[in-house]
Amino acid sequence: MTRLTRAAALLALTALPVAAQGRAAGYHPAARLAASLDSLARANAQHVRVTTIATSPGGRPVQAVRIGTADEKPALLVLAGAYGPQLASSEVALRVVRDLAARVMRDRAATTVYDDHTIYVIPRLNPDAAEAFFAPVKQERKGNDQKADDDRDGALDEDGPDDLNGDGLITMMRVRTGAAGGGEWMADPVDGALMRRADALKGEQGMYKVFVEGRDDDGDGDYNEDGAGGTDISANFANNYPWFAAGAGEYQFSALEARAVAQFVADHKDIAAVYVLGMQDNLIKPWEGRRVPGISGNPQGTSAGGPFTAILPEDAPWFAEVGKKAPRAVAGQDPVSAAENGDPLSWAYYHMGRFAFGSRVWWPGKAPADTAAGRRAPRPDPIAAERNDYRWLAANDPAGFVEWKVVPGFTIDGKEVEVGGFAPFARLNPPAATLDSIARQQADWVLQLTRMLPRVRVITPVRVDAVGPRVWRVTATVANGGYLPSNAAIGVRSRLPLRAKVELTLGTGQQLSGGRKLQFIDALRGSNATQSFEWLVVGDAGGTLTLTVGSPNTGLTTETITLRAR
């Protein structure tokens, strides 16, 4: 593979679809996204409702879509767009809403799902950061528009990136310092366009300093250390919150966008599972359950042992099996899952007690093999992901990497500066022409995942046996017709969401002489697993009593029972 010159990249780009020539073409800025959702709601008023759950610091809406009637039926929450630069997730979420709304009228199987379940979709949780995708000068921004003093100098957003070479992209810049110049970076020996930190253990010497493209606007000796953007919503949730990390916010849920999601989940007790389209993926490589010693050897999940750092072993088989059923967006190349630090996926499981599944939606595929002399990557490869993406982009989207080129007339410490590197958004978002096909696959999966939700019901008729004068044995069998258990094991521990209740309400003149009026089911396995309950009731023949079974996240059913021998 040869390095691409700018002219060659432009020539190759003309052969690509229009969506690839202008990466933002086919994607939706905040105003168009909101208009699209509102149009869908108006056209499908009976089945689709859109509400605004928050307004970002930049004045952009964070919207939630409801598909279904939301009448005490098990619900799936689809959450997308928390990580601002990854617009593919929110674009797929929008198209999933469009696809599911269209199926109401023509797909009987889908209509059955909507009759028995509810689907909520929050397509873009971080609209401020996503809007950078549509700016005249494109840069990957993680934070919302809340101003922040990143360098703690008393000024806000005073030293952000600058487009030094005028190509409309904020990439990287490198300065060759030589071995004695204090640089920590070196050009990769195999793919010279890639930069990596020198490994002193292997005798490597740093030859470059590397910065984000831009000037020292505030004259403090640092480059681009205080740019626009405040809180990264994808790092502002409570689980394993990265205190004091750049962009994570002042504290957990300090960003109103993250708080809005927490409030949404708290308010919608029908949510049985969460599906996050984002940077964390636990479908291709499912989470593994294990017991981990806590603080001072105390059990995790207790005040003395600290929080859980691994899923409970009882939940692991369900993650493994669901992962086997999930679609694989890219053949031959597993996604690199981001760390679970303040992210919504792990928060939904560890803090809210829900089964939570995450998908990267799209990532560059496996690059073609390069067996030329001197082109074989080392093992282990310290920049394996970057190398694969660089080679994949060269073969599929050459504009995704900007070749290093000297910026005339601009120096740092008297040394010339080169600008280049991965184009912003190229490694996270496919050309828009591919989004429809990805979304169709994801819409099918959302329906499949919704069908897996627990659904508790009473097997009828309820058995009634006379055991003495005015004494009746009532035996009810409860079944879970869904695939997933009525509660995850972590949910049983946290008591979130609500456990399914079994409540017997007596009629006038009746007494309970055996059994309890109110009982709870911790975790009834799916696939029509059952659990039986028995009571002794004193009352006249022909009298009636009421049995209520379920919870908002498993469905609620009510049966009237007549005291009459079979």
# chains A, B, ... in the order shown; residues from 1 in each chain; ligands from 1

$ residues_around --residues "Asn44 of chain A" --least-positions-apart "2" --cutoff "12 Å" --atoms "only C-alpha atoms" --output "ChimeraX atom specification"
/A:37-42,46-50,65-68,97-105

$ closest_atom_pairs --of "segment 347-460 of chain A" --to "segment 486-510 of chain A" --cutoff "7 Å" --atoms "only C-alpha atoms" --output "CSV"
residue,atom,partner,partner_atom,distance
A:Tyr350,CA,A:Ile490,CA,6.8
A:Met352,CA,A:Leu496,CA,5.8
A:Gly353,CA,A:Gly491,CA,3.8
A:Arg354,CA,A:Gly491,CA,6.3
A:Phe355,CA,A:Ala488,CA,6.2
A:Pro454,CA,A:Ser486,CA,5.1

$ residues_around --residues "Asp163 of chain A" --least-positions-apart "6" --cutoff "9 Å" --atoms "only C-alpha atoms" --output "PyMOL selection string"
chain A and resi 137+169-171+213-214

$ write_last_selection --atoms "C-alpha atoms" --output "short mmCIF file (atom, residue, chain, number, x, y, z; two decimals), in the first residue's frame"
data_model
loop_
_atom_site.label_atom_id
_atom_site.label_comp_id
_atom_site.auth_asym_id
_atom_site.auth_seq_id
_atom_site.Cartn_x
_atom_site.Cartn_y
_atom_site.Cartn_z
CA VAL A 137 -14.61 23.53 9.90
CA LEU A 169 -10.83 19.71 8.93
CA ILE A 170 -9.24 19.72 12.36
CA THR A 171 -6.72 16.88 12.35
CA GLU A 213 -4.11 21.16 14.87
CA GLY A 214 -4.05 24.82 15.95
#

$ closest_residue --among "A:Asn282, A:Asn429, A:Thr477, A:Thr560" --to "Glu140 of chain A" --atoms "only C-alpha atoms"
A:Asn429

$ closest_residue --among "A:Arg360, A:Lys415, A:His268, A:Arg259" --to "Arg174 of chain A" --atoms "only C-alpha atoms"
A:Lys415

$ residues_around --residues "Gly539 of chain A" --least-positions-apart "3" --cutoff "12 Å" --atoms "only C-alpha atoms" --output "ChimeraX atom specification"
/A:466-474,506-513,536,542-545,562-564

$ closest_residue --among "A:Thr309, A:Thr475, A:Thr546, A:Gln531" --to "Ile561 of chain A" --atoms "only C-alpha atoms"
A:Thr546

$ atom_distance --atom1 "atom CA of Gln441 of chain A" --atom2 "atom CA of Ala394 of chain A"
26.6 Å

$ closest_residue --among "A:Ala439, A:Ala262, A:Gly482, A:Ala193" --to "Val402 of chain A" --atoms "only C-alpha atoms"
A:Ala193

$ select_by_dssp --residues "segment 273-327 of chain A" --states "strand (DSSP E or B)" --output "ChimeraX atom specification"
/A:273-277,289,293,299,302,306,311

$ closest_residue --among "A:Asp191, A:Gly409, A:Arg197, A:Gln442" --to "Asn388 of chain A" --atoms "only C-alpha atoms"
A:Asp191

$ atom_distance --atom1 "atom CA of Asn240 of chain A" --atom2 "atom CA of Ala523 of chain A"
26.0 Å

$ atom_distance --atom1 "atom CA of Val406 of chain A" --atom2 "atom CA of Ala24 of chain A"
26.9 Å

$ residues_around --residues "Ala260 of chain A" --least-positions-apart "5" --cutoff "9 Å" --atoms "only C-alpha atoms" --output "NGL selection string"
:A and (53-54 or 62 or 253 or 255 or 265)
